[in-house]
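Below is one structure; the comments refer to it alone.
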Amino acid sequence: MTSYLVTGGSGYFGALVVARLHADGHHVRVLDLNDADDRPAEVEFVRGDVRDRAVVRDAIDGIDVVLNNVAQVPLAKDPALLRTVNVDGTVNLLRASAAAGVSKVVHTSSSAVFGVPKANPVLPTTVPSPMEAYGHAKLAAEWACLAAARDGLDVSIVRPRTILGHGRLGIFGILFDWIADGRDPIVLGDGTNRYQFVHSDDLAEVCLLAAGSADPDVFNVGTDRFGTMRETLEALCRHAGTDAVVRSLPAGPASIGMALSARLGIAPFAPYHWMMYSKSMWFDLDHLAERLDWSPTWSTDEMFAQSYDWFLANRADTDDAAASHHRRTAKQGVLGAVKRVSGLLPRAR
């Protein structure tokens, strides 16, 4: 039996990984600031901060494989936390893993390390070029992983595209709320930018395959069936069967408005949202088939439909303030007023 430590194991994706490991009969331990209501009783829980060296050292004791999913997300909007949690916490974890003789570390990074890519598809060899604080912090954490690998620790990096799946909320909860109530989702510009997502189940499978692979590596993960942003939202509107239709806003002014409202604290946007929502980005996946014998299960349309259906079935419970950012719907702020007004606006015929 392999012993796993899942940092951030109470968050949306971490809890999913924990559930899979537990179902496969492994010994699992979670390190997180908060416990999750759905943690299996057999799964150990260590309450603590990944920035606390003593806590991390104790949590790693007796562990074979570390899956590092703890992260301060962009919606937190705290530059100090973005650096100390995402970078310093990762460094603590890597040092403790090396000292404890951990056999493998899998670090979950982010596609935000690439900013707005100059060319698509993004390859494993594409040089990262982040454009905002979250991306810079995640890249610095990757550098720490690469340094640890050079020093002999077997650590692999997994970079997911934007994650969807049953129970994935955050800013997607706002999108689902609008469409469920027949309000029109927005694309910036004409919406013809191609945008790749990844289902959380597919991402979990890659992380576990990476955990079983020998030698350090880097894996970029997404679906292989995706289209433009407009096509994605139009398919979701059709699936929902409400009166919602996709509307366009000019990309430049809308991005400025998103940035301004975020800085005023009246809308749940982070810089990556207004930088990327009108841009194209997708990963090449050939290396995943070659190195892990893996291919995606979920298409973009399928994962959006499943995520939306889960939202409808659990809508009354999606505002739990104690849940992690991705396990609750983001507060709409001024978007709530926009939603109400949008229902009064005429549609083009």
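Chain labels run A, B, ... following the order of the structure tokens; each chain numbers its residues from 1, and ligands are numbered from 1 in the order shown.
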Quiz item: Near stretch 86-103 of chain A, counting only C-alpha atoms, which residues have an atom at most 9 Å away, once you skip same-chain residues fewer than 2 positions from it, shown as a ChimeraX atom specification?
Solution: /A:49-53,56-57,60-66,68,70-73,81-84,105,107,134,137-142,144-145,148,152-155
Contact check, stretch 74-166 of chain A to stretch 178-195 of chain A, at most 10 Å, counting only C-alpha atoms, closest pairs as a Markdown table:
```
| residue | atom | partner | partner_atom | distance |
| --- | --- | --- | --- | --- |
| A:Asn120 | CA | A:Arg194 | CA | 9.7 |
| A:Arg161 | CA | A:Tyr195 | CA | 9.1 |
| A:Thr162 | CA | A:Tyr195 | CA | 9.0 |
```
Exercise. Do a neighbour search on A:Pro268 at 9 Å with only C-alpha atoms, toss out local chain neighbours closer than 4 positions, and write the hits as a ChimeraX atom specification.
Key: /A:75,171,258,261-262,330-335
Can you spit out the residues from that selection as an mmCIF file, in the first residue's frame, using all heavy atoms?
```cif
data_model
loop_
_atom_site.group_PDB
_atom_site.id
_atom_site.type_symbol
_atom_site.label_atom_id
_atom_site.label_comp_id
_atom_site.auth_asym_id
_atom_site.auth_seq_id
_atom_site.Cartn_x
_atom_site.Cartn_y
_atom_site.Cartn_z
ATOM 1 N N LEU A 75 -8.523 34.790 -7.193
ATOM 2 C CA LEU A 75 -9.648 35.528 -6.623
ATOM 3 C C LEU A 75 -9.367 36.015 -5.209
ATOM 4 O O LEU A 75 -10.061 36.890 -4.700
ATOM 5 C CB LEU A 75 -10.913 34.664 -6.642
ATOM 6 C CG LEU A 75 -11.590 34.486 -8.005
ATOM 7 C CD1 LEU A 75 -12.781 33.555 -7.888
ATOM 8 C CD2 LEU A 75 -12.027 35.828 -8.577
ATOM 9 N N ILE A 171 -16.065 31.284 -10.343
ATOM 10 C CA ILE A 171 -16.705 32.200 -11.293
ATOM 11 C C ILE A 171 -17.643 31.457 -12.241
ATOM 12 O O ILE A 171 -18.571 32.054 -12.807
ATOM 13 C CB ILE A 171 -15.636 33.000 -12.060
ATOM 14 C CG1 ILE A 171 -16.233 34.302 -12.596
ATOM 15 C CG2 ILE A 171 -14.993 32.160 -13.156
ATOM 16 C CD1 ILE A 171 -15.197 35.344 -12.958
ATOM 17 N N MET A 258 -13.801 45.317 -16.555
ATOM 18 C CA MET A 258 -13.549 44.208 -15.641
ATOM 19 C C MET A 258 -12.409 44.554 -14.680
ATOM 20 O O MET A 258 -12.493 44.310 -13.474
ATOM 21 C CB MET A 258 -13.218 42.948 -16.436
ATOM 22 C CG MET A 258 -14.375 42.378 -17.222
ATOM 23 S SD MET A 258 -13.882 41.079 -18.398
ATOM 24 C CE MET A 258 -13.485 39.728 -17.271
ATOM 25 N N SER A 261 -13.597 47.348 -12.154
ATOM 26 C CA SER A 261 -14.524 46.845 -11.136
ATOM 27 C C SER A 261 -13.813 45.927 -10.150
ATOM 28 O O SER A 261 -14.146 45.905 -8.960
ATOM 29 C CB SER A 261 -15.698 46.117 -11.803
ATOM 30 O OG SER A 261 -15.252 44.991 -12.543
ATOM 31 N N ALA A 262 -12.818 45.176 -10.635
ATOM 32 C CA ALA A 262 -12.056 44.323 -9.728
ATOM 33 C C ALA A 262 -11.236 45.153 -8.758
ATOM 34 O O ALA A 262 -11.174 44.853 -7.560
ATOM 35 C CB ALA A 262 -11.147 43.398 -10.532
ATOM 36 N N ALA A 330 -18.637 32.251 -6.675
ATOM 37 C CA ALA A 330 -18.057 33.553 -6.363
ATOM 38 C C ALA A 330 -19.169 34.576 -6.151
ATOM 39 O O ALA A 330 -20.240 34.504 -6.770
ATOM 40 C CB ALA A 330 -17.146 34.004 -7.502
ATOM 41 N N LYS A 331 -18.929 35.534 -5.251
ATOM 42 C CA LYS A 331 -19.902 36.594 -5.018
ATOM 43 C C LYS A 331 -19.995 37.483 -6.263
ATOM 44 O O LYS A 331 -18.991 37.949 -6.783
ATOM 45 C CB LYS A 331 -19.494 37.428 -3.810
ATOM 46 C CG LYS A 331 -19.449 36.640 -2.496
ATOM 47 C CD LYS A 331 -20.811 36.078 -2.137
ATOM 48 C CE LYS A 331 -20.773 35.351 -0.805
ATOM 49 N NZ LYS A 331 -22.086 34.723 -0.470
ATOM 50 N N GLN A 332 -21.215 37.740 -6.704
ATOM 51 C CA GLN A 332 -21.388 38.449 -7.964
ATOM 52 C C GLN A 332 -21.068 39.935 -7.868
ATOM 53 O O GLN A 332 -20.639 40.543 -8.854
ATOM 54 C CB GLN A 332 -22.815 38.265 -8.495
ATOM 55 C CG GLN A 332 -23.156 36.831 -8.805
ATOM 56 C CD GLN A 332 -24.258 36.687 -9.833
ATOM 57 O OE1 GLN A 332 -24.448 37.521 -10.704
ATOM 58 N NE2 GLN A 332 -25.008 35.599 -9.734
ATOM 59 N N GLY A 333 -21.295 40.534 -6.711
ATOM 60 C CA GLY A 333 -21.058 41.965 -6.609
ATOM 61 C C GLY A 333 -21.911 42.732 -7.607
ATOM 62 O O GLY A 333 -23.116 42.489 -7.756
ATOM 63 N N VAL A 334 -21.271 43.634 -8.347
ATOM 64 C CA VAL A 334 -21.992 44.461 -9.311
ATOM 65 C C VAL A 334 -22.602 43.630 -10.432
ATOM 66 O O VAL A 334 -23.558 44.059 -11.088
ATOM 67 C CB VAL A 334 -21.058 45.549 -9.883
ATOM 68 C CG1 VAL A 334 -20.031 44.946 -10.825
ATOM 69 C CG2 VAL A 334 -21.849 46.641 -10.592
ATOM 70 N N LEU A 335 -22.084 42.413 -10.639
ATOM 71 C CA LEU A 335 -22.654 41.557 -11.679
ATOM 72 C C LEU A 335 -24.093 41.169 -11.364
ATOM 73 O O LEU A 335 -24.874 40.876 -12.268
ATOM 74 C CB LEU A 335 -21.808 40.301 -11.859
ATOM 75 C CG LEU A 335 -20.389 40.500 -12.393
ATOM 76 C CD1 LEU A 335 -19.670 39.166 -12.502
ATOM 77 C CD2 LEU A 335 -20.414 41.197 -13.740
#
```
Quiz prompt | Neighbour list for stretch 216-227 of chain A as a PyMOL selection string, cut-off 9 Å, only C-alpha atoms, skip fewer than 3 positions in-chain | solution = chain A and resi 104-105+110-111+122-124+146+149+153-163+192-199+202-203+206+210+213+230-232+282-285+287-288+295-301
Could you please take those selected residues and save C-alpha atoms as an mmCIF file, in the first residue's frame?
```cif
data_model
loop_
_atom_site.group_PDB
_atom_site.id
_atom_site.type_symbol
_atom_site.label_atom_id
_atom_site.label_comp_id
_atom_site.auth_asym_id
_atom_site.auth_seq_id
_atom_site.Cartn_x
_atom_site.Cartn_y
_atom_site.Cartn_z
ATOM 1 C CA LYS A 104 7.760 11.151 -5.826
ATOM 2 C CA VAL A 105 6.269 14.651 -5.730
ATOM 3 C CA SER A 110 -1.229 26.360 -13.865
ATOM 4 C CA SER A 111 -1.488 27.360 -17.517
ATOM 5 C CA VAL A 122 1.463 25.514 -26.390
ATOM 6 C CA LEU A 123 4.109 22.784 -26.236
ATOM 7 C CA PRO A 124 5.923 21.298 -23.223
ATOM 8 C CA LEU A 146 13.065 22.167 -11.180
ATOM 9 C CA ALA A 149 14.786 17.850 -9.332
ATOM 10 C CA LEU A 153 14.191 14.775 -5.857
ATOM 11 C CA ASP A 154 11.822 13.038 -8.293
ATOM 12 C CA VAL A 155 9.278 15.818 -8.866
ATOM 13 C CA SER A 156 6.964 16.263 -11.851
ATOM 14 C CA ILE A 157 4.914 19.318 -12.787
ATOM 15 C CA VAL A 158 1.340 19.122 -14.095
ATOM 16 C CA ARG A 159 -0.122 22.220 -15.743
ATOM 17 C CA PRO A 160 -3.905 22.095 -16.264
ATOM 18 C CA ARG A 161 -5.958 24.255 -18.554
ATOM 19 C CA THR A 162 -9.050 25.831 -16.953
ATOM 20 C CA ILE A 163 -10.676 23.153 -14.780
ATOM 21 C CA THR A 192 -14.059 33.215 -32.028
ATOM 22 C CA ASN A 193 -11.065 32.658 -29.752
ATOM 23 C CA ARG A 194 -10.356 28.942 -29.278
ATOM 24 C CA TYR A 195 -10.211 28.061 -25.602
ATOM 25 C CA GLN A 196 -9.351 24.712 -24.050
ATOM 26 C CA PHE A 197 -10.628 23.338 -20.738
ATOM 27 C CA VAL A 198 -9.920 20.167 -18.767
ATOM 28 C CA HIS A 199 -12.274 18.009 -16.727
ATOM 29 C CA ASP A 202 -9.111 13.758 -16.494
ATOM 30 C CA LEU A 203 -6.696 15.993 -14.599
ATOM 31 C CA VAL A 206 -2.929 12.513 -15.214
ATOM 32 C CA ALA A 210 2.488 11.140 -13.135
ATOM 33 C CA SER A 213 6.002 7.543 -13.441
ATOM 34 C CA ARG A 230 -18.836 31.443 -28.436
ATOM 35 C CA GLU A 231 -19.413 27.855 -29.552
ATOM 36 C CA THR A 232 -18.838 26.618 -26.013
ATOM 37 C CA TRP A 282 -4.632 25.407 -26.024
ATOM 38 C CA PHE A 283 -2.067 22.757 -25.157
ATOM 39 C CA ASP A 284 -0.632 20.162 -27.485
ATOM 40 C CA LEU A 285 -1.293 16.765 -25.877
ATOM 41 C CA HIS A 287 3.435 14.105 -25.053
ATOM 42 C CA LEU A 288 0.719 12.742 -22.730
ATOM 43 C CA SER A 295 -5.918 10.646 -23.734
ATOM 44 C CA PRO A 296 -8.822 12.805 -22.499
ATOM 45 C CA THR A 297 -12.218 11.319 -21.731
ATOM 46 C CA TRP A 298 -14.237 14.525 -21.609
ATOM 47 C CA SER A 299 -14.975 17.061 -24.350
ATOM 48 C CA THR A 300 -15.582 20.714 -23.524
ATOM 49 C CA ASP A 301 -19.309 20.466 -24.243
#
```
Exercise. As a PyMOL selection string, list the residues of stretch 130-256 of chain A assigned to alpha helix (DSSP H) by DSSP on the backbone atoms of this structure.
Key: chain A and resi 133-150+171-180+200-211+229-240+251-256
Quiz prompt | 12 Å contact set for A:Ala19, only C-alpha atoms, chain neighbours under 2 positions out, as a PyMOL selection string | solution = chain A and resi 4+6+9-17+21-30+36+38-43+201+204
Exercise. Looking only at strand (DSSP E or B) from DSSP on the backbone, list the matching residues of stretch 102-225 of chain A as a VMD selection string.
Key: chain A and resid 104 to 108 122 155 to 160 162 to 164 170 186 to 188 194 to 195 197 to 199 218 to 221
Quiz item: Out of A:Pro271, A:Pro253, A:Gly265, A:Gly48, which residue has the shortest atom-to-atom distance to A:Val116 when counting only C-alpha atoms?
Solution: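 Of A:Pro271, A:Pro253, A:Gly265, A:Gly48, the one nearest A:Val116, counting only C-alpha atoms, is A:Pro271.
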Quiz item: Could you pull the residues within 12 Å of A:Lys118, counting only C-alpha atoms, minus those fewer than 6 positions along the same chain, as number ranges by chain?
Solution: A: 126-130, 279-282
Quiz item: Which residue, A:Asp151, A:Ala337, A:Ala112, A:Cys207, has the smallest gap to A:Ile266 when you use only C-alpha atoms?
Solution: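 Smallest distance to A:Ile266 is found for A:Ala337.
Minimum atom-to-atom distance to A:Arg291, evaluated using only C-alpha atoms, belongs to A:Leu209 out of A:Leu209, A:Thr2, A:Thr7, A:Gly165.
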